[in-house]
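Q: Structure file data_29.csv, CSV, C-alpha atoms and all ligand atoms, is pasted below:
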chain,number,residue,atom,x,y,z
B,997,MET,CA,42.1,-128.7,53.0
B,998,SER,CA,39.2,-126.8,54.5
B,999,GLU,CA,35.7,-127.0,53.2
B,1000,PRO,CA,35.0,-125.0,50.0
B,1001,VAL,CA,32.4,-122.3,50.3
B,1002,GLY,CA,29.6,-121.2,48.0
B,1003,ILE,CA,28.6,-117.7,46.8
B,1004,ARG,CA,25.0,-116.5,46.5
B,1005,VAL,CA,24.2,-113.3,44.7
B,1006,GLU,CA,20.6,-112.4,45.3
B,1007,GLY,CA,18.6,-109.7,43.5
B,1008,VAL,CA,21.7,-107.4,43.2
B,1009,HIS,CA,21.2,-104.0,41.8
B,1010,PHE,CA,24.1,-101.6,41.4
B,1011,GLY,CA,24.8,-98.4,39.5
B,1012,TYR,CA,27.4,-95.7,39.3
B,1013,PRO,CA,26.1,-92.2,39.5
B,1014,GLY,CA,23.8,-91.8,36.5
B,1015,ARG,CA,24.7,-95.2,35.1
B,1016,PRO,CA,22.7,-98.3,36.2
B,1017,VAL,CA,24.8,-101.4,35.6
B,1018,LEU,CA,23.3,-104.4,37.4
B,1019,ARG,CA,19.5,-104.7,37.5
B,1020,GLY,CA,18.6,-107.7,39.6
B,1021,VAL,CA,21.4,-110.3,39.3
B,1022,ASP,CA,21.0,-113.7,40.8
B,1023,VAL,CA,23.8,-116.2,40.7
B,1024,ALA,CA,24.5,-119.2,43.0
B,1025,VAL,CA,28.1,-120.6,42.7
B,1026,GLU,CA,28.4,-124.0,44.3
B,1027,PRO,CA,31.3,-124.6,46.8
B,1028,GLY,CA,34.4,-125.6,44.9
B,1029,GLU,CA,33.0,-124.7,41.5
B,1030,LEU,CA,35.0,-123.0,38.7
B,1031,THR,CA,32.8,-120.5,37.0
B,1032,ALA,CA,33.5,-118.3,34.0
B,1033,LEU,CA,31.7,-114.9,33.8
B,1034,VAL,CA,31.4,-113.6,30.3
B,1035,GLY,CA,29.7,-110.8,28.4
B,1036,LEU,CA,30.4,-107.7,26.3
B,1037,ASN,CA,32.7,-104.9,27.4
B,1038,GLY,CA,30.9,-102.7,29.9
B,1039,CYS,CA,28.2,-105.2,30.8
B,1040,GLY,CA,29.2,-105.2,34.5
B,1041,LYS,CA,31.4,-108.2,35.0
B,1042,SER,CA,34.2,-106.4,36.9
B,1043,THR,CA,31.5,-104.5,38.9
B,1044,LEU,CA,29.9,-107.8,39.9
B,1045,LEU,CA,33.3,-109.3,41.0
B,1046,ARG,CA,34.0,-106.1,43.0
B,1047,ILE,CA,30.6,-106.5,44.8
B,1048,VAL,CA,31.4,-110.2,45.6
B,1049,ALA,CA,34.8,-109.1,46.9
B,1050,GLY,CA,33.0,-106.6,49.2
B,1051,LEU,CA,34.7,-103.5,47.5
B,1052,LEU,CA,31.3,-102.2,46.3
B,1053,ARG,CA,28.0,-102.4,48.2
B,1054,PRO,CA,24.9,-103.3,46.2
B,1055,GLY,CA,22.1,-100.7,46.1
B,1056,GLU,CA,19.6,-103.6,46.5
B,1057,GLY,CA,20.0,-107.3,47.1
B,1058,ARG,CA,22.6,-109.2,49.0
B,1059,VAL,CA,25.7,-111.4,48.6
B,1060,LEU,CA,26.4,-114.4,50.8
B,1061,VAL,CA,29.8,-116.0,50.9
B,1062,GLY,CA,29.9,-119.3,52.8
B,1063,GLY,CA,26.4,-118.3,54.1
B,1064,HIS,CA,27.6,-115.0,55.6
B,1065,ASP,CA,26.0,-111.8,54.4
B,1066,LEU,CA,28.8,-109.4,53.2
B,1067,ALA,CA,26.8,-106.4,54.4
B,1068,ARG,CA,27.5,-107.6,58.0
B,1069,ARG,CA,31.2,-107.9,57.4
B,1070,SER,CA,33.9,-105.2,57.1
B,1071,ARG,CA,35.9,-105.0,53.9
B,1072,ARG,CA,38.9,-106.4,55.7
B,1073,ALA,CA,37.0,-109.3,57.2
B,1074,THR,CA,35.7,-110.1,53.7
B,1075,ALA,CA,39.2,-110.0,52.3
B,1076,ARG,CA,40.1,-112.9,54.6
B,1077,HIS,CA,37.6,-115.0,52.7
B,1078,VAL,CA,37.6,-113.5,49.2
B,1079,ALA,CA,40.6,-112.5,47.0
B,1080,LEU,CA,40.2,-110.5,43.9
B,1081,LEU,CA,42.8,-110.3,41.1
B,1082,HIS,CA,42.3,-106.8,39.8
B,1083,GLN,CA,43.1,-105.6,36.3
B,1084,SER,CA,45.6,-103.2,37.8
B,1085,ALA,CA,47.1,-103.5,41.2
B,1086,PRO,CA,48.8,-100.2,42.3
B,1087,ALA,CA,52.6,-100.6,42.4
B,1088,VAL,CA,54.7,-98.0,44.2
B,1089,PRO,CA,57.7,-97.1,42.0
B,1090,GLY,CA,60.6,-99.4,43.0
B,1091,MET,CA,58.5,-101.8,45.0
B,1092,THR,CA,59.8,-105.3,44.6
B,1093,VAL,CA,57.7,-108.3,43.6
B,1094,ARG,CA,58.0,-109.8,47.1
B,1095,GLN,CA,56.9,-106.5,48.7
B,1096,LEU,CA,53.8,-106.3,46.4
B,1097,VAL,CA,52.9,-110.0,47.0
B,1098,ARG,CA,53.2,-109.4,50.7
B,1099,GLN,CA,50.5,-106.8,50.4
B,1100,GLY,CA,48.2,-109.7,49.8
B,1101,ARG,CA,48.6,-110.5,53.5
B,1102,TYR,CA,47.1,-107.2,54.5
B,1103,ALA,CA,43.8,-108.6,55.6
B,1104,ALA,CA,45.4,-111.4,57.6
B,1105,ARG,CA,47.6,-109.0,59.6
B,1106,GLY,CA,47.4,-108.4,63.3
B,1107,PRO,CA,45.8,-105.3,65.0
B,1108,LEU,CA,48.9,-103.2,64.5
B,1109,GLY,CA,49.3,-104.1,60.9
B,1110,MET,CA,52.2,-106.5,61.7
B,1111,LEU,CA,52.8,-109.5,59.5
B,1112,ARG,CA,52.2,-112.6,61.4
B,1113,GLU,CA,54.2,-115.8,61.8
B,1114,GLY,CA,53.7,-117.9,58.7
B,1115,ASP,CA,53.0,-114.9,56.4
B,1116,ASP,CA,56.4,-115.2,54.8
B,1117,ALA,CA,55.8,-118.9,54.0
B,1118,VAL,CA,52.4,-118.0,52.5
B,1119,VAL,CA,54.1,-115.4,50.3
B,1120,ARG,CA,56.8,-117.8,49.2
B,1121,ARG,CA,54.2,-120.4,48.3
B,1122,ALA,CA,52.2,-117.9,46.3
B,1123,LEU,CA,55.4,-116.8,44.4
B,1124,ASP,CA,56.1,-120.5,43.7
B,1125,ASP,CA,52.5,-121.3,42.7
B,1126,VAL,CA,52.7,-119.0,39.7
B,1127,GLY,CA,56.4,-119.6,39.0
B,1128,VAL,CA,57.6,-116.0,39.8
B,1129,ALA,CA,59.9,-116.7,42.8
B,1130,ALA,CA,62.9,-116.0,40.6
B,1131,TRP,CA,61.8,-112.4,40.3
B,1132,ALA,CA,61.1,-111.8,44.0
B,1133,GLU,CA,63.6,-109.1,44.4
B,1134,ARG,CA,63.0,-107.4,41.1
B,1135,PRO,CA,61.1,-104.0,41.0
B,1136,VAL,CA,57.6,-104.6,39.7
B,1137,ASP,CA,58.0,-101.7,37.3
B,1138,SER,CA,60.8,-103.5,35.6
B,1139,LEU,CA,58.6,-106.4,34.6
B,1140,SER,CA,56.7,-106.9,31.3
B,1141,GLY,CA,52.9,-106.7,31.2
B,1142,GLY,CA,52.5,-110.5,31.2
B,1143,GLU,CA,55.1,-110.9,34.0
B,1144,ARG,CA,53.2,-108.3,36.1
B,1145,GLN,CA,49.9,-110.1,35.5
B,1146,ARG,CA,51.4,-113.3,37.0
B,1147,VAL,CA,52.7,-111.3,40.0
B,1148,ARG,CA,49.2,-109.9,40.5
B,1149,LEU,CA,47.9,-113.5,40.6
B,1150,ALA,CA,50.5,-114.3,43.2
B,1151,MET,CA,49.3,-111.3,45.2
B,1152,ALA,CA,45.7,-112.6,45.1
B,1153,LEU,CA,46.9,-116.1,46.1
B,1154,ALA,CA,48.8,-114.7,49.0
B,1155,GLN,CA,45.5,-113.7,50.6
B,1156,ASP,CA,45.1,-117.4,51.1
B,1157,THR,CA,41.3,-117.3,50.8
B,1158,ARG,CA,38.7,-119.9,50.0
B,1159,VAL,CA,37.2,-117.8,47.2
B,1160,LEU,CA,39.3,-116.6,44.3
B,1161,LEU,CA,37.8,-114.0,41.9
B,1162,LEU,CA,40.0,-113.4,38.8
B,1163,ASP,CA,39.2,-110.5,36.5
B,1164,GLU,CA,40.7,-111.4,33.1
B,1165,PRO,CA,43.6,-113.4,34.5
B,1166,THR,CA,45.0,-114.1,31.1
B,1167,THR,CA,45.3,-110.5,29.9
B,1168,TYR,CA,48.7,-109.7,28.5
B,1169,LEU,CA,49.8,-113.3,28.6
B,1170,ASP,CA,51.1,-115.3,25.6
B,1171,LEU,CA,49.3,-118.5,24.8
B,1172,HIS,CA,51.8,-120.6,26.7
B,1173,HIS,CA,51.3,-118.6,29.9
B,1174,GLN,CA,47.5,-118.3,29.4
B,1175,LEU,CA,47.3,-122.1,29.5
B,1176,ASP,CA,49.8,-122.2,32.4
B,1177,VAL,CA,47.9,-119.8,34.5
B,1178,LEU,CA,44.5,-121.5,33.8
B,1179,GLN,CA,45.9,-124.9,34.6
B,1180,THR,CA,47.5,-123.5,37.8
B,1181,VAL,CA,44.1,-122.2,38.8
B,1182,VAL,CA,42.4,-125.6,38.1
B,1183,ARG,CA,45.2,-127.4,40.1
B,1184,LEU,CA,45.0,-125.0,43.1
B,1185,ARG,CA,41.2,-125.2,43.0
B,1186,GLU,CA,41.4,-129.0,43.4
B,1187,GLU,CA,44.3,-129.1,45.9
B,1188,ARG,CA,43.0,-126.3,48.2
B,1189,GLY,CA,39.2,-126.6,47.7
B,1190,LEU,CA,38.9,-123.1,46.2
B,1191,THR,CA,35.8,-121.7,44.7
B,1192,VAL,CA,36.8,-119.7,41.6
B,1193,VAL,CA,34.9,-117.2,39.5
B,1194,MET,CA,36.9,-115.7,36.5
B,1195,VAL,CA,36.0,-113.1,33.9
B,1196,LEU,CA,37.2,-114.4,30.6
B,1197,HIS,CA,36.9,-112.9,27.2
B,1198,ASP,CA,38.2,-115.9,25.4
B,1199,LEU,CA,35.3,-118.3,25.1
B,1200,ALA,CA,37.6,-121.1,24.1
B,1201,HIS,CA,39.2,-120.9,27.6
B,1202,ALA,CA,35.8,-120.5,29.3
B,1203,ALA,CA,34.4,-123.6,27.5
B,1204,ARG,CA,37.6,-125.6,28.1
B,1205,PHE,CA,38.4,-124.8,31.8
B,1206,ALA,CA,35.1,-123.7,33.5
B,1207,GLU,CA,32.5,-126.1,34.7
B,1208,ARG,CA,29.9,-123.4,34.3
B,1209,ILE,CA,29.5,-120.3,32.3
B,1210,VAL,CA,27.4,-117.3,33.5
B,1211,ALA,CA,26.7,-114.6,31.0
B,1212,LEU,CA,25.6,-111.1,31.7
B,1213,ARG,CA,23.7,-108.8,29.4
B,1214,ASP,CA,21.5,-105.7,30.0
B,1215,GLY,CA,22.2,-105.8,33.7
B,1216,GLY,CA,21.1,-109.4,34.2
B,1217,VAL,CA,22.1,-113.0,33.8
B,1218,VAL,CA,21.0,-114.3,30.4
B,1219,ALA,CA,22.7,-117.7,30.4
B,1220,ASP,CA,23.9,-120.0,33.2
B,1221,GLY,CA,25.0,-123.6,32.8
B,1222,ALA,CA,27.6,-126.1,31.7
B,1223,PRO,CA,29.6,-124.9,28.7
B,1224,LYS,CA,28.2,-127.7,26.5
B,1225,GLU,CA,24.7,-126.7,27.3
B,1226,VAL,CA,24.9,-122.9,27.0
B,1227,VAL,CA,27.4,-122.3,24.2
B,1228,THR,CA,25.3,-122.3,21.0
B,1229,PRO,CA,25.2,-120.1,17.9
B,1230,GLY,CA,22.3,-118.3,19.6
B,1231,PHE,CA,24.5,-117.7,22.7
B,1232,LEU,CA,27.2,-116.2,20.5
B,1233,ALA,CA,24.7,-113.9,18.9
B,1234,ASP,CA,22.8,-112.9,22.0
B,1235,VAL,CA,25.6,-112.6,24.5
B,1236,LEU,CA,28.7,-111.7,22.5
B,1237,ARG,CA,27.0,-110.2,19.4
B,1238,VAL,CA,29.0,-112.4,17.1
B,1239,ALA,CA,27.7,-114.7,14.2
B,1240,GLY,CA,29.4,-118.0,14.3
B,1241,ARG,CA,29.2,-121.8,14.5
B,1242,VAL,CA,29.8,-124.1,17.4
B,1243,GLY,CA,31.3,-127.6,17.2
B,1244,ARG,CA,32.7,-130.0,19.7
B,1245,ASP,CA,36.3,-130.7,20.6
B,1246,PRO,CA,37.1,-134.1,19.0
B,1247,GLU,CA,39.0,-135.3,22.1
B,1248,GLY,CA,37.0,-133.6,24.9
B,1249,ASP,CA,33.5,-132.9,25.9
B,1250,TRP,CA,33.5,-129.2,25.5
B,1251,PRO,CA,32.3,-126.8,22.7
B,1252,VAL,CA,34.5,-125.1,20.3
B,1253,CYS,CA,33.4,-121.8,18.6
B,1254,TYR,CA,34.1,-120.7,15.1
B,1255,PRO,CA,33.3,-117.0,15.1
B,1256,ASP,CA,32.5,-115.5,11.7
B,1257,HIS,CA,31.8,-111.8,12.0
B,1258,PRO,CA,30.4,-109.2,14.5
B,1259,LEU,CA,26.7,-108.5,14.5
B,1260,PRO,CA,25.5,-104.9,14.7
B,1261,SER,CA,25.8,-103.7,18.3
B,1262,SER,CA,22.4,-103.5,20.0
B,1263,LYS,CA,23.3,-100.2,21.7
L,1,LIG,N1,34.1,-96.1,38.8
L,1,LIG,C1,33.1,-96.0,37.8
L,1,LIG,N2,32.4,-94.9,37.7
L,1,LIG,C2,31.4,-94.8,36.8
L,1,LIG,N3,31.1,-95.7,35.9
L,1,LIG,C3,31.8,-96.9,35.9
L,1,LIG,C4,32.9,-97.0,36.9
L,1,LIG,N4,33.4,-98.3,36.7
L,1,LIG,C5,32.7,-98.8,35.7
L,1,LIG,N5,31.8,-98.0,35.2
L,1,LIG,C6,30.9,-98.2,34.1
L,1,LIG,O1,30.0,-99.3,34.5
L,1,LIG,C7,29.8,-100.2,33.4
L,1,LIG,C8,30.3,-101.6,33.8
L,1,LIG,O2,31.7,-101.6,33.9
L,1,LIG,P1,32.5,-102.9,34.2
L,1,LIG,O3,33.9,-102.5,34.4
L,1,LIG,O4,31.8,-103.6,35.4
L,1,LIG,O5,32.3,-103.7,32.9
L,1,LIG,P2,33.0,-105.1,32.4
L,1,LIG,O6,31.8,-106.0,31.9
L,1,LIG,O7,33.9,-105.6,33.4
L,1,LIG,O8,33.7,-104.5,31.1
L,1,LIG,P3,35.1,-105.0,30.3
L,1,LIG,O9,34.8,-106.3,29.6
L,1,LIG,O10,35.3,-103.9,29.4
L,1,LIG,O11,36.2,-105.1,31.4
L,1,LIG,C9,30.6,-99.6,32.2
L,1,LIG,O12,29.6,-98.9,31.4
L,1,LIG,C10,31.6,-98.7,32.8
L,1,LIG,O13,31.8,-97.5,32.0
Please render this file's structure as structure tokens.

A:
Amino acid sequence: MSEPVGIRVEGVHFGYPGRPVLRGVDVAVEPGELTALVGLNGCGKSTLLRIVAGLLRPGEGRVLVGGHDLARRSRRATARHVALLHQSAPAVPGMTVRQLVRQGRYAARGPLGMLREGDDAVVRRALDDVGVAAWAERPVDSLSGGERQRVRLAMALAQDTRVLLLDEPTTYLDLHHQLDVLQTVVRLREERGLTVVMVLHDLAHAARFAERIVALRDGGVVADGAPKEVVTPGFLADVLRVAGRVGRDPEGDWPVCYPDHPLPSSK
């Protein structure tokens, strides 16, 4: 197992044309940490992950992964260190699961775009990691939404990076597979020394599986800490615009939320 790497997001500003989104975001993720990124729809979570994956360049500020400034690296070089599970990976009609997951090896390819020795083994391992090897020869467009989501996770794992960014990894999954995917991420993080940041809308999962919760609102970080420290009724109200109560899991050391009703939107 190689050494895990940390992520530093320093003073990052970013906007789409006419739409400022991030206004001075600072986050330091420790090597090997599992962090949940939470916040309301449209607050900039996916945008921040795309910046950390090197797919978007911040207008101001910088991002360091393993001490290296992403501004000095090509996208492809960054993709050797950081994998991002997108909400929707493009699938060419008829493309098989194995072919899609092999695309995860893109950044590791040689100068002529040739797959290298060992790539097939990495692809097989990624298919096994998320339990989708049995579908390897099926067309991706014949899979259900939940099955495709697991294939997308396999594609991200096939990048074989030290940093794994997961944008809503449990979307479309039934509860059984939500827990299965989250436990797989926890296990791989431990076995392979991964640093993981995942966007989660389900606060129960964030509180249960993440060591740390970072919350975005109004373009900045408004809460950052261990779940049992940050998840309070005030957090539910300020970050998620929900009135509710917070208790403690009777068998674990994590908070449990009892949401009651939505609060008026602040926008
Ligand atoms: N390509 C784009 N062009 C213009 N605006 C965009 C683009 N992508 C996102 N936005 C806007 O930027 C803001 C942040 O979007 P982002 O997808 O980062 O939010 P999010 O927190 O991930 O939301 P969600 O929880 O709904 O997935 C939103 O207002 C969105 O409409």

Q: Closest to Ser1084 in chain B among B:Pro1000, B:Gly1007, B:Pro1165, B:Pro1258, using all atoms listed in the file?

A: B:Pro1165

Q: Identify, counting all atoms listed in the file, the protein, DNA and RNA residues located within 12 Å of ligand LIG 1 (chain L), and give them as number ranges by chain.

A: B: 1010-1019, 1033-1047, 1051-1052, 1082-1084, 1162-1165, 1167, 1194-1198, 1211-1216, 1235-1236, 1263

Q: In Å to one decimal, how far is CA of His1009 in chain B from CA of Gly1055 in chain B?

A: 5.5 Å

Q: Looking at B:Val1128, B:Leu1153, B:Ala1067, B:Ile1209, which one is nearest to Val1023 in chain B, with distances taken over all atoms listed in the file?

A: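 So, comparing all the options, the nearest one is B:Ile1209.
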
Q: What is the CA of Gly1062 in chain B to CA of Leu1161 in chain B distance in Å?

A: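 Between these atoms lies a distance of 14.5 Å.
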
Q: Find the residue from B:Glu1056, B:Asp1124, B:Asp1137, B:Glu1207 that sits nearest to Gly1090 in chain B; use all atoms listed in the file when measuring.

A: B:Asp1137

Q: Using Å and a single decimal, report how far CA of Ala1103 in chain B sits from CA of Pro1135 in chain B.

A: 23.1 Å

Q: In terms of the shortest atom-to-atom distance over only C-alpha atoms, which of B:Ala1152, B:Val1005, B:Asp1234, B:Arg1098 is closest to His1064 in chain B?

A: B:Val1005

Q: Considering all atoms listed in the file, can you say which of B:Val1126, B:Val1159, B:Val1177, B:Val1119 comes closest to Leu1060 in chain B?

A: B:Val1159

Q: Which one of B:Ala1130, B:Val1061, B:Leu1030, B:Val1118 sits closest to Val1193 in chain B if you count all atoms listed in the file?

A: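 When distances to Val1193 in chain B are compared using all atoms listed in the file, the smallest one comes from B:Leu1030.
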
Q: Would you pick out the contacts of Val1147 in chain B at 7 Å or less, using only C-alpha atoms, so that residues sharing its chain but fewer than 4 positions from it are not included, and give the list as a list of chain:residue names?

A: B:Val1093, B:Val1128, B:Glu1143, B:Met1151

Q: Need the shell around Val1226 in chain B: protein/DNA/RNA residues with any atom at most 10 Å away, counting all atoms listed in the file. Skip same-chain ones fewer than 4 positions apart. Format as a list in words?

A: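 Surrounding residues, per the criterion: Ala1203, Arg1208, Ile1209, Val1210, Ala1211, Ala1219, Asp1220, Gly1221, Ala1222, Gly1230, Phe1231, Leu1232 and Pro1251 of chain B.
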
Q: Can you pull out every residue within 12 Å of His1257 in chain B, counting all atoms listed in the file, but drop anything in the same chain fewer than 2 positions away, and send it as number ranges by chain?

A: B: 1232-1233, 1236-1241, 1254-1255, 1259-1261
